[in-house]
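J.: Below: one structure in structure tokens.
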Amino acid sequence: MNPPRSRTMAGLAGFLAFFVCMPQLPAQSTRADAQRDPVLKAMLTELDRSMSQLQLTGFAKPFFIQYRIEDVNDFQTSAEFGSSEGSDQAHQRVVRVTVRVGDYKTDSSGARGDGSLQVTALDDDPIALRSSLWTATDQAYKNALSAYAQKQAELKQVQTPPQADDFSQEKPVISLADPIALHVDEGFWADRVARASGLYRTDASSNPNQRDIEYSSASFRARTTTTWLVTSEGAIVRKSSVEYQESFAAGAQAPDGMRLDRSYGSSGTSPADLDSEAVFNQHAVDELASLAELRKAPLVEEEYHGRCFSRPTPLPIRCVSSSPPRSRPRAPLSVLRRAPTARLLPATTRASCPTS
Amino acid sequence: MTAELHRAFTSLGKSPGAPSRAPSAVPAADSTSAASGDKPLPPYFLSYTVRDTNFVSIRALYGALAESSAGRTRSADVQVRVGDPKLDNTHGTHRGSAVNSLQLPLGDDREALARSLWLATNTGYGNALDNYLRVQTEAEVRAKEEDTSPDFSQQAAQKHIGAIAPSIVIDRAAWEQRVRELSRIFREYPDVYENMVFLTVQNETDYFVSSEGSQIVAPHLQARIVAVAVTRADDGMDLFREQTFEAPTVDGLPTQAVLASAMRDLGKSLEALRKAPVTEPFDGPAILSGRAAAVFFHEVLGHRLEGQRQRGDEEGQTFTKDVGKPILPDFLSVADDPTVDTFGSTWLSGSYQYDDEGQKAEHVDLIQDGVLKTFLMSRLPIASFGASNGHGRAESGHVPTGRQGNLIVSSTKTIPEVKLRQQLIDEAKKQGKAYGLYFEDISSGFAVTQRSSPQAFQVIPLVVWRVYVDGRPDELVRGVSIVGTPLAAMKSIIATGDKSEVFNGECGAESGTIPVSAVAPAMLLSAIETQRQPQGTARPPILPIPGDDSQASETKGAQ
């Protein structure tokens, strides 16, 4: 599957459109297959121990336990003004444990969640993995007992208790996808985002306006997430995904102090899904040109109530233009002037309007 | 840095009506009519501090690796002062307005560095102007301040181009294995429910330039291992022990055998602690070990000798008017000396060559023969002292204030620790107590110096022993912290041991978290007060820890 490339005008931080690549699954996996994975084996061992032994005398045993371990391997590199700000690779595993006390009809679950978290080992060390699960399970069980007692007390005060069950019974599945490893040419991407962030001065069409650019940044991110999940009902799942994204953002300020920001992003499930460097850089240059035009654009002095159009949405939608807040009191080191109202967008720029 | 600082300093606020441009365009220019009518208001001081840091971080828990990372960062603090040294935008509660921070590109691309500094300078200048306006207004509407000292001291420019910090040389795979093995030792102690062993290595080069002409380049290296182990007593009290090992580089850290022995000591100590009785609040004689006394002095005395705490309407000013007067027994002296980097064979983590205001670090005799001589000064003057003594320190993103570096307590009344222990017993007998207390190790503490709160301190012990007067063996106890007020506590010191110990740690205050050291001999106090520590209520884990197969068929909590 080749997902469509995306384009967003919402700013660098808001660029969160990830695409998930799911590898092919082997047919008809069994628990024995799962036991060959050291992580799953540790999880199943601790799950069995907890289900058979975890109980405080005089209190209910758990009727359901779920263990989930997420392994997130994340690489990021960023650049500003044509120079790398550095790269960072973060690799972490987190344990999430859910314990339910009671039964499917009425259990300990509540609106605030019913689990506990622990950081766990990157090594496939069974004792270390089980120790994290053990700590989280102990905490989750004690929390579940407390929540279950509180829920029982509250149910005694209502005339008609909830009719729906708290938890559905599902047929367990066993699904074992291969984990995906993160492969990134770190130096290549560090250099590429450095070049993109320096276009404001290296691109011939952007260079004349470079003095107006307050920030010009680019970043690349690649992340794999592998999830192992086991439940006391017999579900065993191992799944893995990978995502890549490249972003560019630049900003300037109009002479009257209005903050102007433009950004572009490209994402996919492999580096090949991303824009080529030439295409990506052309988009970045377009955003820089748009900034230059925006700086010169006149202000909208009055509120506008009418129709506007937004791509790719083909239908006209109602929108209202009103005074946007200024993020800064003045342009760089310049005279404070009166507050603007709104700015007309140049003809080449597409506008996104609120849809509600 | 120097070029962009010069460009900004010579053009900011000096050309009304002309908008500023980025570095590669026209020279920076500015109009600052907003601050004071139409009168241009340039900054009178500008400085750039850049920290270029290489790091390695390795962490293990439960005997397995949980993190291993390495990288490099470069950050800048831009300090802008508007007004004049007598009254500027940092006055009173506006002190934070001087600093604006940002991440800098790592390369030596001059254009990229200048652009980043320009943006931060511009933002910082706007913020400084805004705060200066407020300071001027507040100065008009409030009553005269008690301390009318200037806001910034005049200091000579410093020039020191030291070595660039070298790249970190470390066999990461070998250290990953070492850290993993240290964490795995705690498997020998099944009642240690959690553990973490953490190695951090940091090689940093600090750059400082200012509009006064200072130019400083200084390296700072540190390698540190932190081990933390946790258990819980049957009554729900959470207990932990921690130990740190510091050196300039990983090669200076203790051998694996020494570290392994220390891990086992932590494990044994915790297993003993969880079985120890909880002690009741106590008021009587006590010995603080050297490490405990070092933390005690850092909290109880050191923070109250920081210069900025001697001015301001909200500060308790415990010792402000006591210069030249005795505040300690006459056999005690206290100095802070960031210029030394070892005490005996122990590396001191509070060492530095130049402080974070570009001033040369100085040995400062704070208290001589019990008499207060001076305070720890940054460039914030106070009524009694108008100049820095090289103790303006800050974490990135904060305005430097007077802080401790290596606080060193010395004594002329020393006795061997065996005799000190006998004196404790004698003192307890004299006071009619069944026992005195011996504080072997302390984790941390805090001090309150604001007027709005009691001028109190609290120090959290980790290992405390009862020393009985009737000859019974010493008894390990748990669950107390030391509390008191500084004036009374300091005057109750009656003797010291003959060996000093070092406490290396990190200190957090208004100018951020910074590395510090404290050195002190063991001390006998005639009276110390303790109170019960807050205690958790959760019972210990129900099932035994995985791997503790001897108990696998049983549950501890189920009864």
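By order of appearance in the structure tokens: chains A, B, ..., then residues from 1 within every chain, and ligands from 1 in the order shown.
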Taking only C-alpha atoms into account, find every residue of chain A that has an atom no more than 8 Å from chain B, and write it out as a PyMOL selection string.
T.: chain A and resi 53-57+79-93+119-123+125+127-128+130-132+134-135+138+210-214+331-336
J.: Give me a file of those residues, with N, CA and C atoms, as a compact mmCIF listing (two decimals), in the first residue's frame.
T.:
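Produced file result.txt, reproduced below:
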# COMPACT_ATOMS: atom_id res chain seq x y z
N GLN A 53 -1.83 -17.09 41.39
CA GLN A 53 -1.40 -16.85 42.77
C GLN A 53 -1.76 -15.49 43.33
N LEU A 54 -2.07 -14.53 42.48
CA LEU A 54 -2.25 -13.17 42.99
C LEU A 54 -3.62 -13.02 43.65
N GLN A 55 -3.62 -12.97 44.95
CA GLN A 55 -4.87 -12.76 45.69
C GLN A 55 -4.54 -12.40 47.13
N LEU A 56 -5.23 -11.38 47.60
CA LEU A 56 -5.18 -11.07 49.03
C LEU A 56 -6.31 -11.85 49.70
N THR A 57 -5.98 -12.52 50.79
CA THR A 57 -6.99 -13.32 51.49
C THR A 57 -8.19 -12.45 51.87
N ALA A 79 17.19 20.80 12.07
CA ALA A 79 18.15 21.82 11.64
C ALA A 79 17.46 23.18 11.65
N GLU A 80 18.24 24.20 11.82
CA GLU A 80 17.73 25.57 11.84
C GLU A 80 18.70 26.45 11.08
N PHE A 81 18.17 27.30 10.23
CA PHE A 81 18.98 28.27 9.49
C PHE A 81 20.11 27.60 8.71
N GLY A 82 19.88 26.40 8.23
CA GLY A 82 20.87 25.75 7.39
C GLY A 82 21.91 24.93 8.11
N SER A 83 21.77 24.77 9.42
CA SER A 83 22.78 24.04 10.18
C SER A 83 22.09 23.06 11.14
N SER A 84 22.67 21.89 11.27
CA SER A 84 22.05 20.85 12.10
C SER A 84 22.02 21.25 13.57
N GLU A 85 20.91 20.97 14.22
CA GLU A 85 20.81 21.14 15.67
C GLU A 85 21.11 19.85 16.40
N GLY A 86 21.35 18.79 15.64
CA GLY A 86 21.68 17.52 16.26
C GLY A 86 20.62 16.46 16.03
N SER A 87 20.99 15.25 16.35
CA SER A 87 20.10 14.11 16.19
C SER A 87 19.91 13.43 17.54
N ASP A 88 18.83 12.71 17.65
CA ASP A 88 18.53 12.06 18.92
C ASP A 88 17.86 10.73 18.63
N GLN A 89 18.36 9.68 19.24
CA GLN A 89 17.69 8.38 19.11
C GLN A 89 17.26 7.93 20.50
N ALA A 90 15.99 7.71 20.65
CA ALA A 90 15.44 7.29 21.95
C ALA A 90 14.78 5.92 21.78
N HIS A 91 15.21 5.00 22.58
CA HIS A 91 14.67 3.63 22.52
C HIS A 91 14.18 3.27 23.91
N GLN A 92 12.92 2.93 24.02
CA GLN A 92 12.37 2.67 25.34
C GLN A 92 11.26 1.62 25.25
N ARG A 93 11.15 0.86 26.31
CA ARG A 93 10.05 -0.09 26.43
C ARG A 93 9.21 0.26 27.65
N VAL A 119 8.43 1.52 33.24
CA VAL A 119 9.48 1.39 32.23
C VAL A 119 10.12 0.02 32.41
N THR A 120 10.43 -0.64 31.33
CA THR A 120 11.03 -1.97 31.46
C THR A 120 12.28 -2.09 30.61
N ALA A 121 12.87 -3.27 30.65
CA ALA A 121 14.19 -3.47 30.05
C ALA A 121 14.13 -3.56 28.54
N LEU A 122 15.19 -3.05 27.90
CA LEU A 122 15.33 -3.25 26.45
C LEU A 122 15.88 -4.64 26.16
N ASP A 123 16.66 -5.14 27.09
CA ASP A 123 17.16 -6.51 26.93
C ASP A 123 15.98 -7.47 27.04
N ASP A 125 15.60 -9.88 28.74
CA ASP A 125 15.96 -10.60 29.96
C ASP A 125 14.66 -10.99 30.69
N ILE A 127 13.88 -12.23 33.64
CA ILE A 127 13.68 -11.79 35.03
C ILE A 127 13.39 -10.29 35.08
N ALA A 128 14.13 -9.53 34.29
CA ALA A 128 13.91 -8.08 34.30
C ALA A 128 12.52 -7.73 33.75
N ARG A 130 9.87 -9.64 33.67
CA ARG A 130 8.85 -10.09 34.62
C ARG A 130 8.82 -9.20 35.87
N SER A 131 9.98 -8.68 36.26
CA SER A 131 10.00 -7.82 37.45
C SER A 131 9.19 -6.54 37.21
N SER A 132 9.33 -5.97 36.04
CA SER A 132 8.53 -4.78 35.73
C SER A 132 7.04 -5.13 35.70
N TRP A 134 5.62 -7.56 37.26
CA TRP A 134 5.24 -7.90 38.64
C TRP A 134 4.92 -6.63 39.44
N THR A 135 5.81 -5.63 39.34
CA THR A 135 5.57 -4.37 40.06
C THR A 135 4.28 -3.72 39.58
N ASP A 138 1.14 -5.76 40.69
CA ASP A 138 0.83 -5.60 42.11
C ASP A 138 0.09 -4.29 42.35
N GLN A 210 15.59 37.00 2.54
CA GLN A 210 16.11 36.25 3.70
C GLN A 210 16.18 37.09 4.96
N ARG A 211 16.35 38.38 4.80
CA ARG A 211 16.48 39.22 6.00
C ARG A 211 15.19 39.25 6.82
N ASP A 212 14.08 38.90 6.19
CA ASP A 212 12.80 38.94 6.90
C ASP A 212 12.49 37.64 7.65
N ILE A 213 13.26 36.60 7.37
CA ILE A 213 12.95 35.29 7.97
C ILE A 213 13.41 35.25 9.42
N GLU A 214 12.49 34.95 10.31
CA GLU A 214 12.83 34.88 11.74
C GLU A 214 13.22 33.48 12.16
N ALA A 331 7.55 43.75 15.42
CA ALA A 331 8.48 43.07 14.53
C ALA A 331 9.87 43.20 15.13
N PRO A 332 10.82 42.45 14.60
CA PRO A 332 12.14 42.44 15.22
C PRO A 332 12.71 43.83 15.43
N LEU A 333 12.90 44.19 16.64
CA LEU A 333 13.59 45.41 17.01
C LEU A 333 13.00 46.63 16.33
N SER A 334 11.73 46.62 16.06
CA SER A 334 11.14 47.73 15.33
C SER A 334 10.13 48.46 16.21
N VAL A 335 9.57 49.50 15.63
CA VAL A 335 8.63 50.33 16.38
C VAL A 335 7.32 49.59 16.61
N LEU A 336 6.79 49.71 17.79
CA LEU A 336 5.47 49.14 18.07
C LEU A 336 4.42 49.96 17.34
J.: Could you give me, as a ChimeraX atom specification, each residue of region 193-247 of chain A that DSSP assigns to strand (DSSP E or B) when run on this structure's backbone?
T.: /A:213-231,236-247
J.: Can you check which residues of region 111-229 of chain B DSSP gives as helix (DSSP H, G or I) on the backbone and send them as a ChimeraX atom specification?
T.: /B:111-141,172-188
J.: Keeping only N, CA and C atoms, write the selected residues to a file as a tab-separated table (two decimals), in the first residue's frame.
T.:
chain	number	residue	atom	x	y	z
B	111	GLU	N	26.58	32.07	9.84
B	111	GLU	CA	25.29	32.66	9.52
B	111	GLU	C	24.18	32.06	10.38
B	112	ALA	N	24.20	30.71	10.52
B	112	ALA	CA	23.15	30.05	11.30
B	112	ALA	C	23.25	30.42	12.77
B	113	LEU	N	24.47	30.47	13.30
B	113	LEU	CA	24.65	30.84	14.70
B	113	LEU	C	24.21	32.28	14.95
B	114	ALA	N	24.61	33.17	14.05
B	114	ALA	CA	24.26	34.58	14.22
B	114	ALA	C	22.75	34.79	14.15
B	115	ARG	N	22.09	34.09	13.22
B	115	ARG	CA	20.64	34.20	13.10
B	115	ARG	C	19.94	33.78	14.39
B	116	SER	N	20.38	32.65	14.94
B	116	SER	CA	19.75	32.14	16.15
B	116	SER	C	19.95	33.11	17.31
B	117	LEU	N	21.17	33.61	17.45
B	117	LEU	CA	21.45	34.56	18.54
B	117	LEU	C	20.68	35.86	18.34
B	118	TRP	N	20.57	36.27	17.11
B	118	TRP	CA	19.82	37.51	16.80
B	118	TRP	C	18.37	37.37	17.24
B	119	LEU	N	17.78	36.23	16.92
B	119	LEU	CA	16.37	36.02	17.27
B	119	LEU	C	16.19	36.05	18.78
B	120	ALA	N	17.09	35.35	19.49
B	120	ALA	CA	16.97	35.31	20.96
B	120	ALA	C	17.26	36.68	21.57
B	121	THR	N	18.21	37.40	20.98
B	121	THR	CA	18.54	38.74	21.50
B	121	THR	C	17.35	39.67	21.33
B	122	ASN	N	16.73	39.59	20.17
B	122	ASN	CA	15.58	40.45	19.91
B	122	ASN	C	14.44	40.16	20.88
B	123	THR	N	14.16	38.87	21.06
B	123	THR	CA	13.09	38.49	21.99
B	123	THR	C	13.44	38.92	23.41
B	124	GLY	N	14.70	38.69	23.79
B	124	GLY	CA	15.13	39.06	25.13
B	124	GLY	C	15.09	40.55	25.36
B	125	TYR	N	15.43	41.31	24.34
B	125	TYR	CA	15.42	42.77	24.47
B	125	TYR	C	13.99	43.28	24.68
B	126	GLY	N	13.07	42.72	23.89
B	126	GLY	CA	11.67	43.12	24.07
B	126	GLY	C	11.17	42.81	25.47
B	127	ASN	N	11.53	41.66	25.96
B	127	ASN	CA	11.13	41.26	27.31
B	127	ASN	C	11.76	42.16	28.36
B	128	ALA	N	13.02	42.50	28.14
B	128	ALA	CA	13.72	43.37	29.10
B	128	ALA	C	13.08	44.75	29.14
B	129	LEU	N	12.73	45.27	27.98
B	129	LEU	CA	12.08	46.59	27.93
B	129	LEU	C	10.76	46.58	28.69
B	130	ASP	N	9.99	45.54	28.44
B	130	ASP	CA	8.69	45.40	29.09
B	130	ASP	C	8.85	45.39	30.61
B	131	ASN	N	9.82	44.62	31.08
B	131	ASN	CA	10.02	44.51	32.52
B	131	ASN	C	10.61	45.80	33.12
B	132	TYR	N	11.43	46.47	32.33
B	132	TYR	CA	12.01	47.72	32.84
B	132	TYR	C	10.93	48.76	33.09
B	133	LEU	N	9.97	48.79	32.18
B	133	LEU	CA	8.83	49.71	32.38
B	133	LEU	C	8.12	49.42	33.70
B	134	ARG	N	7.91	48.15	33.95
B	134	ARG	CA	7.21	47.76	35.18
B	134	ARG	C	8.05	48.11	36.41
B	135	VAL	N	9.37	47.84	36.30
B	135	VAL	CA	10.26	48.15	37.43
B	135	VAL	C	10.20	49.64	37.74
B	136	GLN	N	10.23	50.46	36.71
B	136	GLN	CA	10.19	51.91	36.93
B	136	GLN	C	8.90	52.32	37.64
B	137	THR	N	7.80	51.73	37.21
B	137	THR	CA	6.51	52.06	37.82
B	137	THR	C	6.48	51.60	39.28
B	138	GLU	N	6.92	50.37	39.50
B	138	GLU	CA	6.89	49.84	40.86
B	138	GLU	C	7.79	50.64	41.80
B	139	ALA	N	8.92	51.11	41.27
B	139	ALA	CA	9.83	51.90	42.10
B	139	ALA	C	9.19	53.21	42.55
B	140	GLU	N	8.28	53.71	41.72
B	140	GLU	CA	7.62	54.97	42.06
B	140	GLU	C	6.53	54.79	43.11
B	141	VAL	N	5.85	53.65	43.07
B	141	VAL	CA	4.66	53.50	43.91
B	141	VAL	C	4.94	52.81	45.25
B	172	ARG	N	31.21	1.96	25.00
B	172	ARG	CA	29.82	1.92	25.43
B	172	ARG	C	29.33	0.51	25.72
B	173	ALA	N	29.72	-0.40	24.87
B	173	ALA	CA	29.26	-1.78	25.07
B	173	ALA	C	29.77	-2.33	26.40
B	174	ALA	N	31.02	-2.01	26.71
B	174	ALA	CA	31.59	-2.50	27.97
B	174	ALA	C	30.88	-1.87	29.16
B	175	TRP	N	30.59	-0.58	29.06
B	175	TRP	CA	29.91	0.09	30.17
B	175	TRP	C	28.45	-0.34	30.29
B	176	GLU	N	27.83	-0.61	29.16
B	176	GLU	CA	26.47	-1.16	29.24
B	176	GLU	C	26.47	-2.45	30.04
B	177	GLN	N	27.48	-3.27	29.78
B	177	GLN	CA	27.56	-4.54	30.51
B	177	GLN	C	27.88	-4.31	31.98
B	178	ARG	N	28.75	-3.35	32.26
B	178	ARG	CA	29.09	-3.06	33.66
B	178	ARG	C	27.85	-2.55	34.43
B	179	VAL	N	27.12	-1.65	33.81
B	179	VAL	CA	25.93	-1.09	34.48
B	179	VAL	C	24.88	-2.19	34.67
B	180	ARG	N	24.74	-3.02	33.66
B	180	ARG	CA	23.79	-4.14	33.73
B	180	ARG	C	24.16	-5.07	34.89
B	181	GLU	N	25.46	-5.36	34.99
B	181	GLU	CA	25.90	-6.29	36.05
B	181	GLU	C	25.72	-5.69	37.44
B	182	LEU	N	25.95	-4.40	37.56
B	182	LEU	CA	25.75	-3.76	38.87
B	182	LEU	C	24.28	-3.84	39.29
B	183	SER	N	23.40	-3.59	38.33
B	183	SER	CA	21.97	-3.68	38.64
B	183	SER	C	21.57	-5.11	38.99
B	184	ARG	N	22.20	-6.05	38.32
B	184	ARG	CA	21.84	-7.46	38.53
B	184	ARG	C	22.20	-7.94	39.94
B	185	ILE	N	23.17	-7.26	40.57
B	185	ILE	CA	23.56	-7.65	41.93
B	185	ILE	C	22.37	-7.61	42.88
B	186	PHE	N	21.43	-6.72	42.63
B	186	PHE	CA	20.30	-6.60	43.55
B	186	PHE	C	19.37	-7.82	43.50
B	187	ARG	N	19.57	-8.68	42.52
B	187	ARG	CA	18.80	-9.93	42.52
B	187	ARG	C	19.16	-10.81	43.72
B	188	GLU	N	20.33	-10.51	44.31
B	188	GLU	CA	20.72	-11.26	45.52
B	188	GLU	C	19.90	-10.83	46.73
J.: Neighbours of Phe220 (chain A) within 10 Å (only C-alpha atoms; same-chain residues fewer than 4 positions away dropped), as a list in words?
T.: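 These residues fall inside the cut-off: Phe75, Gln76, Thr77, Ser78, Ala79, Ser87, Glu186, Trp189, Ala190, Arg192, Val193, Tyr244, Gln245, Glu246, Ser247, Phe248, Gly265, Ser266 and Ser267 of chain A.
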